>>> print(open('data-v3.txt').read())   # compact mmCIF, C-alpha atoms
# COMPACT_ATOMS: atom_id res chain seq x y z
CA MET A 1 122.47 183.08 105.13
CA ASP A 2 124.69 180.81 107.07
CA SER A 3 127.41 183.37 107.44
CA LYS A 4 124.85 186.04 108.39
CA LEU A 5 123.50 183.82 111.13
CA SER A 6 126.87 183.07 112.52
CA ARG A 7 127.75 186.76 112.42
CA ARG A 8 124.57 187.55 114.33
CA ARG A 9 125.42 184.85 116.81
CA LEU A 10 128.88 186.22 117.13
CA LEU A 11 127.53 189.70 117.79
CA ALA A 12 125.11 188.36 120.36
CA ALA A 13 127.88 186.48 122.07
CA ALA A 14 130.12 189.53 121.97
CA SER A 15 127.49 191.80 123.50
CA ALA A 16 126.76 189.21 126.17
CA GLY A 17 130.44 189.17 126.88
CA LEU A 18 130.52 192.97 127.05
CA ALA A 19 127.57 192.99 129.41
CA LEU A 20 129.38 190.62 131.68
CA THR A 21 132.65 192.48 131.69
CA GLY A 22 130.70 195.72 132.08
CA LEU A 23 129.81 194.60 135.57
CA PRO A 24 132.24 195.68 138.25
CA ARG A 25 133.98 192.35 138.02
CA ALA A 26 137.20 192.99 136.21
CA ALA A 27 138.31 189.56 137.41
CA LEU A 28 136.67 188.04 134.37
CA ALA A 29 139.58 189.37 132.36
CA LEU A 30 141.73 187.01 134.36
CA ASN A 31 141.19 183.31 133.87
CA VAL A 32 142.10 180.22 135.77
CA ASN A 33 145.10 179.49 133.55
CA GLU A 34 146.54 182.97 134.00
CA ALA A 35 146.11 182.73 137.76
CA ARG A 36 147.91 179.42 137.72
CA THR A 37 150.66 180.84 135.51
CA LEU A 38 151.27 183.64 138.02
CA VAL A 39 151.60 181.21 140.91
CA ASP A 40 153.77 178.89 138.78
CA ARG A 41 156.14 181.84 138.35
CA VAL A 42 156.11 182.76 142.06
CA VAL A 43 156.70 179.13 143.01
CA ALA A 44 159.52 178.75 140.44
CA ASP A 45 161.19 181.85 141.90
CA VAL A 46 160.73 180.63 145.49
CA ASN A 47 162.01 177.15 144.61
CA SER A 48 165.07 178.54 142.90
CA VAL A 49 165.90 180.67 145.95
CA ILE A 50 165.36 177.89 148.52
CA ASN A 51 167.56 175.52 146.55
CA SER A 52 170.22 178.04 145.56
CA GLY A 53 172.48 177.04 148.42
CA LYS A 54 172.84 180.70 149.46
CA SER A 55 173.04 181.60 153.14
CA GLU A 56 169.84 182.55 154.95
CA SER A 57 170.86 186.19 155.15
CA GLN A 58 171.38 186.26 151.38
CA MET A 59 167.99 184.65 150.79
CA LEU A 60 165.97 187.17 152.78
CA PRO A 61 166.27 190.05 150.29
CA ALA A 62 165.42 187.60 147.49
CA PHE A 63 162.21 186.56 149.28
CA GLU A 64 161.33 190.21 149.93
CA LYS A 65 161.73 190.93 146.23
CA ILE A 66 159.46 188.01 145.28
CA PHE A 67 156.78 189.24 147.67
CA ALA A 68 156.97 192.84 146.45
CA ARG A 69 156.84 191.71 142.84
CA TYR A 70 153.99 189.18 142.83
CA ALA A 71 151.68 190.39 145.65
CA ASP A 72 149.24 193.31 145.45
CA VAL A 73 150.77 194.97 148.46
CA THR A 74 148.73 198.17 148.05
CA TYR A 75 145.50 196.24 148.28
CA ILE A 76 146.71 194.14 151.23
CA ALA A 77 147.86 197.30 153.06
CA GLN A 78 144.56 199.14 152.57
CA SER A 79 142.48 196.11 153.45
CA ALA A 80 144.54 195.49 156.61
CA LEU A 81 144.05 199.08 157.73
CA GLY A 82 140.30 198.90 157.22
CA PRO A 83 137.96 201.78 158.06
CA ALA A 84 140.73 203.86 159.68
CA GLY A 85 142.05 204.57 156.20
CA ARG A 86 138.93 206.56 155.31
CA GLY A 87 139.83 209.56 157.41
CA ALA A 88 143.47 209.57 156.33
CA SER A 89 144.98 212.08 153.93
CA ARG A 90 146.40 210.92 150.62
CA ALA A 91 149.97 211.61 151.76
CA GLU A 92 149.39 209.68 154.98
CA MET A 93 148.05 206.69 153.03
CA THR A 94 150.95 206.71 150.57
CA ALA A 95 153.47 206.70 153.40
CA TYR A 96 151.55 203.97 155.23
CA VAL A 97 151.37 201.71 152.16
CA ARG A 98 155.10 202.13 151.56
CA ALA A 99 155.94 201.23 155.17
CA PHE A 100 153.53 198.29 155.09
CA GLN A 101 155.19 196.96 151.95
CA SER A 102 158.60 196.66 153.57
CA TYR A 103 157.06 195.29 156.78
CA ILE A 104 155.07 192.55 155.05
CA ALA A 105 157.86 191.60 152.64
CA ARG A 106 160.27 191.15 155.53
CA LYS A 107 157.75 189.30 157.70
CA TYR A 108 156.62 186.78 155.08
CA GLY A 109 160.05 186.64 153.45
CA ARG A 110 161.28 185.25 156.74
CA ARG A 111 158.47 182.67 156.71
CA PHE A 112 159.72 181.36 153.35
CA ARG A 113 163.03 180.69 155.06
CA GLU A 114 161.48 177.57 156.59
CA PHE A 115 161.10 176.21 153.06
CA ILE A 116 164.87 175.97 152.53
CA GLY A 117 165.76 172.63 151.00
CA GLY A 118 162.11 171.89 150.20
CA ARG A 119 159.90 172.55 147.22
CA ILE A 120 156.43 173.84 146.42
CA GLU A 121 154.25 172.12 143.86
CA VAL A 122 151.21 173.72 142.22
CA THR A 123 148.44 171.11 142.11
CA GLY A 124 145.35 172.93 140.88
CA ALA A 125 143.41 176.14 140.36
CA ARG A 126 139.72 177.04 140.55
CA PRO A 127 137.52 180.12 140.41
CA LEU A 128 136.36 181.27 143.84
CA LYS A 129 133.82 184.08 144.24
CA SER A 130 135.20 186.79 141.93
CA PHE A 131 138.82 185.67 141.94
CA PHE A 132 140.91 182.53 141.60
CA GLU A 133 142.39 180.14 144.10
CA VAL A 134 145.58 178.33 143.15
CA VAL A 135 146.30 175.31 145.31
CA SER A 136 149.82 174.18 146.04
CA VAL A 137 151.52 171.73 148.35
CA ALA A 138 154.72 172.52 150.21
CA HIS A 139 157.06 169.57 150.65
CA LEU A 140 159.51 170.34 153.42
CA ARG A 141 162.30 168.05 154.43
CA GLY A 142 161.29 165.52 157.09
CA GLN A 143 157.77 166.94 157.40
CA ALA A 144 154.35 165.97 156.18
CA PRO A 145 153.43 168.05 153.10
CA PHE A 146 151.22 171.04 153.86
CA ASP A 147 148.56 172.99 152.07
CA LEU A 148 149.38 176.43 150.66
CA ARG A 149 146.76 178.39 148.72
CA TRP A 150 147.19 181.58 146.73
CA HIS A 151 144.33 183.95 146.03
CA VAL A 152 144.90 185.77 142.76
CA PHE A 153 143.10 188.70 141.15
CA ASP A 154 143.82 191.51 138.70
CA LYS A 155 142.06 194.37 140.45
CA SER A 156 145.09 196.58 139.96
CA GLY A 157 145.26 195.71 136.25
CA LYS A 158 148.06 193.23 136.84
CA ASP A 159 147.73 189.58 137.86
CA LEU A 160 148.88 189.51 141.50
CA PHE A 161 148.15 187.47 144.60
CA PHE A 162 146.39 189.24 147.47
CA ASN A 163 146.07 186.47 150.04
CA LEU A 164 147.97 183.40 151.17
CA ILE A 165 146.25 180.59 153.07
CA ILE A 166 148.69 178.35 154.92
CA GLU A 167 146.99 175.25 156.35
CA GLY A 168 143.80 177.25 156.66
CA VAL A 169 145.46 180.32 158.19
CA ASN A 170 144.56 183.43 156.25
CA MET A 171 147.31 186.05 155.87
CA LEU A 172 144.91 188.93 155.19
CA ALA A 173 142.88 188.12 158.32
CA ALA A 174 146.06 187.86 160.41
CA GLU A 175 147.26 191.25 159.13
CA ARG A 176 143.90 192.88 159.78
CA THR A 177 144.13 191.67 163.37
CA GLU A 178 147.74 192.79 163.66
CA ILE A 179 147.38 196.24 162.07
CA GLY A 180 144.13 196.83 163.99
CA ALA A 181 145.86 196.03 167.29
CA MET A 182 148.87 198.21 166.43
CA LEU A 183 146.60 201.11 165.54
CA ASP A 184 144.67 200.74 168.81
CA LYS A 185 147.92 200.82 170.78
CA ARG A 186 148.86 204.06 168.98
CA LYS A 187 145.46 205.61 169.71
CA GLY A 188 144.48 205.50 166.05
CA SER A 189 147.43 207.50 164.75
CA ILE A 190 148.29 206.32 161.23
CA SER A 191 151.55 208.29 161.19
CA ALA A 192 152.73 206.62 164.41
CA LEU A 193 151.74 203.25 162.93
CA THR A 194 153.67 204.05 159.73
CA ALA A 195 156.80 205.02 161.65
CA ASP A 196 156.71 201.77 163.65
CA LEU A 197 155.97 199.54 160.64
CA GLN A 198 159.24 200.67 159.08
CA ARG A 199 161.11 199.16 162.01
CA LEU A 200 159.05 195.96 162.37
CA GLY A 201 158.53 192.75 160.42
CA MET B 1 139.40 151.42 180.53
CA SER B 2 135.90 150.16 179.99
CA ILE B 3 133.43 150.94 177.25
CA LYS B 4 131.17 152.38 179.93
CA SER B 5 133.71 154.93 181.11
CA VAL B 6 134.37 156.03 177.51
CA LEU B 7 130.68 156.46 176.84
CA ALA B 8 130.27 158.36 180.09
CA GLY B 9 133.19 160.60 179.09
CA ALA B 10 131.72 161.19 175.67
CA LEU B 11 128.36 162.05 177.17
CA VAL B 12 129.94 164.56 179.54
CA ALA B 13 131.87 166.02 176.61
CA ILE B 14 128.78 166.48 174.48
CA THR B 15 126.83 168.02 177.35
CA LEU B 16 129.69 170.41 178.07
CA THR B 17 130.11 171.57 174.50
CA ALA B 18 126.41 172.08 174.14
CA CYS B 19 126.43 175.02 176.58
CA SER B 20 128.07 177.87 174.66
CA ARG B 21 126.74 179.25 171.44
CA PRO B 22 128.26 182.18 169.58
CA GLU B 23 126.84 185.65 170.17
CA PRO B 24 125.12 186.74 166.98
CA GLY B 25 127.38 189.07 164.95
CA ALA B 26 130.53 188.35 166.96
CA GLU B 27 133.59 187.36 164.96
CA PHE B 28 134.61 184.71 167.49
CA ASN B 29 132.72 182.74 170.07
CA ASP B 30 134.80 184.02 172.97
CA PRO B 31 132.52 184.87 175.90
CA TYR B 32 135.31 184.16 178.42
CA GLU B 33 137.74 186.58 176.78
CA ALA B 34 138.71 188.34 180.01
CA GLN B 35 139.62 185.07 181.81
CA ASN B 36 141.20 183.70 178.65
CA ARG B 37 143.42 186.77 178.33
CA ALA B 38 144.57 186.40 181.93
CA VAL B 39 145.49 182.73 181.38
CA HIS B 40 147.23 183.69 178.12
CA GLU B 41 149.35 186.28 179.95
CA GLU B 42 150.37 183.62 182.47
CA ASN B 43 151.23 181.17 179.68
CA VAL B 44 153.43 183.75 177.96
CA ARG B 45 155.17 184.49 181.25
CA LEU B 46 155.75 180.76 181.77
CA ASP B 47 157.03 180.39 178.20
CA ARG B 48 159.59 183.13 178.78
CA LEU B 49 160.61 181.53 182.06
CA VAL B 50 161.08 178.04 180.61
CA PHE B 51 162.34 178.75 177.09
CA GLY B 52 164.25 181.97 177.70
CA ALA B 53 163.87 185.62 176.80
CA TYR B 54 163.19 186.80 173.27
CA PRO B 55 165.10 187.66 171.07
CA ARG B 56 167.10 184.55 171.88
CA LYS B 57 170.86 184.25 171.59
CA ARG B 58 170.85 180.52 170.83
CA PRO B 59 168.22 177.92 169.88
CA ILE B 60 166.01 176.54 172.66
CA MET B 61 167.58 173.09 172.21
CA PRO B 62 169.58 171.33 169.49
CA LYS B 63 167.35 170.44 166.55
CA PRO B 64 167.98 166.64 166.61
CA LEU B 65 166.99 166.55 170.28
CA ALA B 66 163.83 168.60 169.65
CA GLN B 67 162.95 166.37 166.70
CA GLY B 68 163.50 163.24 168.81
CA PHE B 69 161.20 164.50 171.58
CA SER B 70 158.57 165.49 169.05
CA ASN B 71 158.75 162.15 167.20
CA PHE B 72 158.64 160.07 170.39
CA SER B 73 155.59 161.85 171.75
CA SER B 74 153.81 161.84 168.40
CA ASN B 75 154.41 158.10 168.04
CA LEU B 76 152.88 157.40 171.45
CA GLY B 77 149.81 159.34 170.30
CA MET B 78 149.23 157.05 167.32
CA PRO B 79 147.19 154.29 169.06
CA SER B 80 144.85 156.97 170.37
CA ALA B 81 144.54 158.47 166.87
CA VAL B 82 143.72 155.02 165.48
CA VAL B 83 140.89 154.59 168.01
CA ASN B 84 139.52 158.02 167.11
CA SER B 85 139.68 157.36 163.35
CA LEU B 86 137.67 154.19 163.94
CA LEU B 87 135.13 156.11 166.06
CA GLN B 88 134.86 158.55 163.12
CA ALA B 89 134.31 155.60 160.74
CA ARG B 90 137.51 156.46 158.84
CA PRO B 91 139.36 153.17 158.33
CA GLY B 92 141.95 154.66 155.92
CA PRO B 93 143.71 156.96 158.43
CA ALA B 94 143.36 154.25 161.11
CA LEU B 95 145.27 151.81 158.94
CA GLN B 96 147.89 154.40 157.95
CA ASN B 97 148.56 155.35 161.59
CA THR B 98 148.75 151.67 162.58
CA VAL B 99 151.44 151.07 159.95
CA ARG B 100 153.23 154.22 161.13
CA PHE B 101 153.15 153.09 164.74
CA VAL B 102 154.59 149.67 163.85
CA VAL B 103 157.32 151.09 161.57
CA ASN B 104 158.40 153.90 163.92
CA SER B 105 158.26 151.78 167.07
CA THR B 106 160.60 149.20 165.51
CA VAL B 107 162.78 150.68 162.75
CA GLY B 108 162.43 154.11 164.38
CA LEU B 109 163.87 152.79 167.66
CA GLY B 110 160.81 153.18 169.81
CA GLY B 111 159.59 156.25 167.93
CA ILE B 112 162.61 158.51 168.44
CA PHE B 113 163.11 158.55 164.68
CA ASP B 114 160.44 158.89 162.05
CA PRO B 115 161.31 156.62 159.12
CA ALA B 116 157.58 156.36 158.27
CA THR B 117 157.43 160.02 157.15
CA ALA B 118 160.60 159.50 155.11
CA ILE B 119 158.86 156.77 153.11
CA GLY B 120 155.69 158.81 152.70
CA ILE B 121 153.52 157.38 155.51
CA HIS B 122 152.53 160.66 157.16
CA ALA B 123 150.76 161.05 160.46
CA GLU B 124 147.01 161.56 160.13
CA ASN B 125 146.58 163.48 163.36
CA THR B 126 143.21 163.29 164.99
CA ASP B 127 141.74 163.37 168.46
CA PHE B 128 138.49 162.99 170.34
CA GLY B 129 137.72 166.67 169.71
CA GLU B 130 137.50 165.78 166.01
CA THR B 131 135.45 162.70 166.82
CA LEU B 132 132.98 164.93 168.67
CA HIS B 133 132.87 167.23 165.61
CA VAL B 134 132.18 164.25 163.34
CA TRP B 135 129.42 163.15 165.69
CA GLY B 136 127.85 166.59 165.39
CA ALA B 137 128.79 168.28 168.68
CA PRO B 138 129.10 172.08 168.37
CA GLU B 139 132.48 173.76 168.85
CA GLY B 140 131.53 175.74 171.93
CA ALA B 141 133.46 178.73 173.21
CA TYR B 142 137.11 179.51 172.60
CA MET B 143 139.22 178.74 175.66
CA VAL B 144 142.79 179.25 176.80
CA VAL B 145 143.94 176.71 179.38
CA PRO B 146 147.11 176.81 181.49
CA ILE B 147 150.24 175.47 179.72
CA ALA B 148 148.43 173.78 176.79
CA GLY B 149 147.05 177.14 175.58
CA PRO B 150 144.33 177.63 172.96
CA THR B 151 141.44 175.19 172.66
CA THR B 152 137.65 175.20 172.45
CA GLU B 153 135.07 173.72 174.81
CA ARG B 154 134.68 170.80 172.42
CA ASP B 155 138.43 170.25 172.04
CA LEU B 156 139.00 170.55 175.77
CA ALA B 157 136.37 167.92 176.49
CA GLY B 158 137.98 165.85 173.75
CA SER B 159 141.43 166.04 175.37
CA VAL B 160 139.98 164.77 178.65
CA VAL B 161 138.35 161.83 176.89
CA ASP B 162 141.58 161.16 174.94
CA VAL B 163 143.41 160.49 178.21
CA ILE B 164 140.86 157.82 179.13
CA LEU B 165 140.65 156.49 175.58
CA ASN B 166 144.41 156.05 175.03
CA PRO B 167 145.04 152.30 174.67
CA LEU B 168 148.53 152.84 176.13
CA ASN B 169 146.99 154.26 179.28
CA LYS B 170 146.01 151.63 181.79
CA LEU B 171 144.46 153.97 184.33
CA GLY B 172 145.92 153.61 187.80
CA ASN B 173 149.15 151.91 186.77
CA PRO B 174 152.33 153.48 188.12
CA GLU B 175 153.94 153.54 184.62
CA ASP B 176 151.24 155.90 183.41
CA TYR B 177 153.22 159.00 184.21
CA TYR B 178 155.57 158.11 181.32
CA LEU B 179 152.84 159.15 178.91
CA GLY B 180 152.52 162.51 180.62
CA VAL B 181 156.28 163.03 180.64
CA ALA B 182 156.49 162.09 176.95
CA LYS B 183 153.73 164.56 176.17
CA ILE B 184 155.50 167.39 177.96
CA ALA B 185 158.81 166.54 176.26
CA GLY B 186 157.00 166.45 172.91
CA GLY B 187 155.49 169.86 173.62
CA ALA B 188 158.92 171.28 174.43
CA GLY B 189 160.36 169.68 171.29
CA ASN B 190 157.66 171.23 169.12
CA ARG B 191 158.12 174.58 170.84
CA ALA B 192 161.80 174.44 169.85
CA LEU B 193 161.20 173.14 166.31
CA TYR B 194 158.70 175.88 165.49
CA SER B 195 160.29 178.59 167.60
CA ASP B 196 160.43 181.06 164.67
CA VAL B 197 156.67 181.04 164.20
CA VAL B 198 155.74 180.74 167.88
CA ASP B 199 158.14 183.53 168.91
CA SER B 200 156.78 185.82 166.22
CA ILE B 201 153.22 185.27 167.48
CA LEU B 202 153.97 185.49 171.21
CA TYR B 203 156.59 188.23 171.24
CA GLU B 204 156.28 190.24 168.05
CA SER B 205 152.57 190.72 167.48
CA ALA B 206 150.77 193.74 168.85
CA ASP B 207 148.06 191.57 170.42
CA SER B 208 149.38 188.02 170.79
CA TYR B 209 146.08 186.85 172.30
CA ALA B 210 144.04 187.93 169.26
CA GLN B 211 146.66 186.59 166.85
CA MET B 212 146.77 183.20 168.63
CA ARG B 213 142.97 182.92 168.71
CA LEU B 214 142.73 183.62 164.99
CA LEU B 215 145.50 181.20 164.03
CA TYR B 216 144.25 178.41 166.31
CA LEU B 217 140.63 178.58 165.17
CA GLN B 218 141.43 178.94 161.45
CA ASN B 219 143.93 176.10 161.51
CA ARG B 220 141.63 173.89 163.59
CA HIS B 221 138.73 174.48 161.21
CA PHE B 222 140.98 173.59 158.30
CA GLN B 223 141.99 170.38 160.08
CA LEU B 224 138.36 169.47 160.70
CA GLY B 225 137.42 170.24 157.10
CA ILE B 226 135.11 173.14 158.03
CA GLU B 227 134.75 175.49 155.06
CA ALA B 228 136.33 178.86 155.91
CA ASP B 229 134.84 182.25 155.15
CA VAL B 230 136.47 183.66 152.05
CA PHE B 231 137.34 187.32 151.63
CA ASP B 232 135.94 188.64 148.40
CA PRO B 233 138.27 191.51 147.45
CA TYR B 234 135.57 192.99 145.19
CA GLU B 235 133.28 193.36 148.18
CA ASP B 236 136.00 194.81 150.39
CA PRO B 237 135.11 198.46 151.09
CA TYR B 238 138.63 199.34 152.23
CA GLY B 239 141.04 197.95 149.64
CA GLN B 240 140.88 199.78 146.31
>>> encode(input="data-v3.txt", output="structure tokens")
Amino acid sequence: MDSKLSRRRLLAAASAGLALTGLPRAALALNVNEARTLVDRVVADVNSVINSGKSESQMLPAFEKIFARYADVTYIAQSALGPAGRGASRAEMTAYVRAFQSYIARKYGRRFREFIGGRIEVTGARPLKSFFEVVSVAHLRGQAPFDLRWHVFDKSGKDLFFNLIIEGVNMLAAERTEIGAMLDKRKGSISALTADLQRLG
Amino acid sequence: MSIKSVLAGALVAITLTACSRPEPGAEFNDPYEAQNRAVHEENVRLDRLVFGAYPRKRPIMPKPLAQGFSNFSSNLGMPSAVVNSLLQARPGPALQNTVRFVVNSTVGLGGIFDPATAIGIHAENTDFGETLHVWGAPEGAYMVVPIAGPTTERDLAGSVVDVILNPLNKLGNPEDYYLGVAKIAGGAGNRALYSDVVDSILYESADSYAQMRLLYLQNRHFQLGIEADVFDPYEDPYGQ
């Protein structure tokens, strides 16, 4: 009797769980601890590079690699392009995403350069809408600590970060503005944008 | 500086900021965009004139000098920050900035060095713009002003009041121009210290005006503790 009841309960719980995950919110597969683990790894990698004593020019490729490895660059690229991506061919989009990846890795890799000699400390994590926000504090030499937040999801099937919020400044929003302005200047041509992204960053 | 003149300033500030409200549906409250863009262009031209062409062959100024300028100016701003914290009913930051001011003005040789930060007493920056926000004044329109750059109607009104409010400023005294000079030197110091970021915004972005507006408003909202809009990637029609 007892075991039957608990089995029924278990089944009920399982189907409730299925119903939840059946919704288009794959993020439920990811939990707050996993999100934090991902950022712990990114931060450990960043900290080891900024304290490695290498020259700045040696650090840049290391930062680019960290960005390419832990960020969902495909999502960031598509989101930054916005509605213009709808009319693009598959080949055009693939080329654009590849160019965007090297552009963004170089651009934000260079930003990490300012962290040399400092350290980042993960202080907390919380669910936010359908993803997770991991909060960290950057301690830079001779400066007041500043707030660095990582937005993590697993939309691609892998746990990756898709947005960085530095003292309130949202990377995804900044890139939407930037890519939108670049596209306007090139009269909406995605191939011209792609060609220029390869040179920029 | 009398209480009356401060109150009058505050009243003017609140009346000013009450004029502009955001257009419904617009991403930014920027009704003066055309004028703002023209001022922005002038500011960028001036920046290039004063701090040199980009990409630059050497740093704008040696780092210790830039840091000294920045520290000195920031230290002189502390009494004003203390007054604003008190007006916001925030005694904690007021106390912290008072300790900072005492430590840096003495051990820090008049504020050129910043031993307070080294021992963990960080600046709690605030201004009358924030005081107005705490008192409930709306942000008003986004503005770009000559030299100082991005601001909002509320923050602009706040900067005017801050000049009157500064306890170091005895209006009408001939020494007053020191404060202005220190502020300009501090601005140049900060420009040099953060030249990587500032250069990338001014000279590398496709639309430096739009980039600057976004960064200023997002960072300012963060500073004021205004909850930001959050992108929900599962509601994003463009990223897959």
>>> atom_distance(input="data-v3.txt", atom1="atom CA of B:Gly189", atom2="atom CA of B:Tyr203")
18.9 Å
>>> closest_atom_pairs(input="data-v3.txt", of="chain A", to="chain B", cutoff="6 Å", atoms="all atoms listed in the file", output="JSON lines")
{"residue": "A:Tyr75", "atom": "CA", "partner": "B:Gly239", "partner_atom": "CA", "distance": 5.0}
{"residue": "A:Gln78", "atom": "CA", "partner": "B:Gly239", "partner_atom": "CA", "distance": 4.7}
{"residue": "A:Ser79", "atom": "CA", "partner": "B:Gly239", "partner_atom": "CA", "distance": 4.5}
{"residue": "A:Gly82", "atom": "CA", "partner": "B:Tyr238", "partner_atom": "CA", "distance": 5.3}
{"residue": "A:Ala144", "atom": "CA", "partner": "B:His122", "partner_atom": "CA", "distance": 5.7}
{"residue": "A:Gly168", "atom": "CA", "partner": "B:Phe222", "partner_atom": "CA", "distance": 4.9}
{"residue": "A:Val169", "atom": "CA", "partner": "B:Gln218", "partner_atom": "CA", "distance": 5.4}
{"residue": "A:Ala181", "atom": "CA", "partner": "B:Ala206", "partner_atom": "CA", "distance": 5.6}
{"residue": "A:Met182", "atom": "CA", "partner": "B:Ala206", "partner_atom": "CA", "distance": 5.4}
>>> closest_residue(input="data-v3.txt", among="B:Gly180, B:Gly68, B:Gly187, B:Pro138", to="B:Ile112", atoms="only C-alpha atoms")
B:Gly68
>>> atom_distance(input="data-v3.txt", atom1="atom CA of A:Asn163", atom2="atom CA of A:Trp150")
6.0 Å
>>> residues_around(input="data-v3.txt", residues="B:Ile60", least_positions_apart="4", cutoff="10 Å", atoms="all atoms listed in the file", output="PyMOL selection string")
chain B and resi 50-52+56+66+188-189+191-193+195
>>> atom_distance(input="data-v3.txt", atom1="atom CA of B:Ser74", atom2="atom CA of B:Tyr209")
26.5 Å
>>> residues_around(input="data-v3.txt", residues="A:Ile66", least_positions_apart="6", cutoff="8 Å", atoms="all atoms listed in the file", output="MDAnalysis selection string")
chainID A and resid 42 45:46
>>> residues_around(input="data-v3.txt", residues="stretch 170-172 of chain A", least_positions_apart="4", cutoff="8 Å", atoms="only C-alpha atoms", output="NGL selection string")
(:A and (76 or 79-80 or 162-166 or 176)) or (:B and (218))
>>> closest_residue(input="data-v3.txt", among="B:Pro59, B:Ile201, B:Asn71, B:Arg100", to="A:Gln143", atoms="only C-alpha atoms")
B:Asn71
>>> closest_residue(input="data-v3.txt", among="A:Ala88, A:Ala174, A:Val49, A:Ala68", to="A:Glu114", atoms="all atoms listed in the file")
A:Val49
>>> closest_residue(input="data-v3.txt", among="A:Glu34, A:Glu121, A:Glu92, A:Glu56", to="A:Phe161", atoms="all atoms listed in the file")
A:Glu34
>>> residues_around(input="data-v3.txt", residues="A:Arg41", least_positions_apart="6", cutoff="12 Å", atoms="all atoms listed in the file", output="list in words")
Glu34, Ala35, Asn47, Ser48, Ile66, Phe67, Arg69, Tyr70, Ile120, Glu121, Val122, Asp159, Leu160 and Phe161 of chain A
>>> axis_aligned_box(input="data-v3.txt", around="stretch 156-169 of chain A", padding_each_side="6 Å", output="JSON")
{"center_x": 146.3, "center_y": 185.9, "center_z": 147.2, "size_x": 17.1, "size_y": 33.3, "size_z": 33.9}
>>> closest_residue(input="data-v3.txt", among="A:Ala99, A:Ile179, A:Val43, A:Leu140", to="A:Leu81", atoms="all atoms listed in the file")
A:Ile179
>>> closest_residue(input="data-v3.txt", among="A:Val135, A:Gly53, A:Ala173, A:Pro127", to="B:Glu27", atoms="only C-alpha atoms")
A:Ala173
>>> residues_around(input="data-v3.txt", residues="A:Ala77", least_positions_apart="5", cutoff="8 Å", atoms="all atoms listed in the file", output="PDB file with C-alpha atoms, in the frame of the given file")
ATOM      1  CA  TYR A  96     151.550 203.970 155.230  1.00  0.00           C
ATOM      2  CA  VAL A  97     151.370 201.710 152.160  1.00  0.00           C
ATOM      3  CA  PHE A 100     153.530 198.290 155.090  1.00  0.00           C
ATOM      4  CA  GLN A 101     155.190 196.960 151.950  1.00  0.00           C
TER       5      GLN A 101
ATOM      6  CA  GLY B 239     141.040 197.950 149.640  1.00  0.00           C
TER       7      GLY B 239
END
